[in-house]
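This report refers to the structure that appears directly beneath it.
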Amino acid sequence: MTNERTDTTAPVPNFDGGETDRKLAIICSKGNLDMAYPGLVLANAALGEGVEVHLFFTFWGFDMITKKRMKGLKLTPLGNTAMHLPQGLGGVPGVTAMATALMRKHIAAVGVPEVPDFLDQIVASGGHLWACKMSADMMKLLKDDLYDAVEGIINASDFIEIASGARLLFI
Amino acid sequence: MTTATINGLEVHVDEEGFLTNYQEWTEDLAAVLAANIGVELTDEHWRVLRFLREDFAKQGETATIRRTSTVGGFDTKALFVLFPKKPAKKMAYIAGLPKPKGCV
């Protein structure tokens with residue numbers, strides 16, 4: 001190899017350099033299977049980089065943390081032109097179930113966990129989960145109806161306070 | 001590609017300092033790499049590092065935190081304690097492996 005050079009000391013990766021107090025807050029507002037993942041993947045990645053992470057679940061995003069629903073998120077081709085199927089097909093009974101099963105298979109094939117497992121991992125990595133009070137009130141859900149690791153049902157101002165100094169992501 | 005001398009051994013490293021040749025890693029070297037980033041290796045660290053080395057030999061890719069936990073059987077919380085803040089990258093660095101490529 002001609003482009004080699006010899007150093008006596010190897011560089012050491014700067015793992016603790018740069019910003020030390022990075023913080024990320026992600027608002028999860030969607031309950032479709034495909035839209036649950038961006039927030040989870042980014043939260044997990046940020047935690048792995050030593051970033052403090054808060055997830056705030058609101059409106060349809062509540063399905064991601066509602067015990068009865070978190071295992072059953074669905075994907076529909078309806079209104080999703082990126083699936084490149086005739087839109088009429090989306091309304092045919094069974095198509096949503098089929099699309100969902102296929103998506104689950106693809107997600108599992110790349111080693112990505114299902115939503116409840118993914119939340120377990122995020123919590124084990126130090127992530128914080130919060131539920132939106134207005135959504136809980138509207139849907140008549142109590143803390144017990146939600147995934148156990150949800151730290152609390154909080155209002156919008158509480159969340160703004162928690163997210164102080166954080167980069168904010170709305171999904 | 002750069003060669004550098006670590007602990008009297010000539011090894012290949014990338015611009016960040018990660019070893020680039022699987023074969024050049026030794027356990028003695030690992031202790032030096034760990035000390036470089038402020039990690040003192042215990043038996044528990046060694047169990048994780050051995051899993052990563054073996055898994056890389058089989059898969060050709062560095063295990064992510066997810067894989068280290070599901071396949072290796074290590075508790076995610078514990079990994080964050082053993083290799084604080086950036087466990088996946090710190091584990092890879094000490095194990096003489098490239099950074100994991102997987103997203104999860």
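Residue numbers start at 1 in each chain; chains themselves are named A, B, ... in the order of the structure tokens; ligands are numbered from 1 in the order shown.
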
* Taking only C-alpha atoms into account, what are the residues of chain B at most 6 Å from chain A, put as a PyMOL selection string? -> chain B and resi 1-5+16-17+76-77+85-86

* Asked: as a count of residues only, which residues of region 94-138 of chain A does DSSP assign to alpha helix (DSSP H)?
  -> 31

* Structure fact -> Of A:Pro116, A:Ser164, A:Leu129, A:Ile153, the one sitting nearest Lys67 (chain A) when using only C-alpha atoms is A:Pro116

* Between B:Val71, B:Ile6, B:Cys103, B:Ala88, which has the minimum distance to Ala35 (chain B) (counting only C-alpha atoms)? ->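 Comparing B:Val71, B:Ile6, B:Cys103, B:Ala88 against Ala35 (chain B), the winner is B:Ile6.
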
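In this structure, CA of Val13 (chain B) sits 23.7 Å away from CA of Thr68 (chain B).
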
* Separation of CA of Asp75 (chain B) and CA of Glu44 (chain B), in Å? ->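 The value is 11.2 Å.
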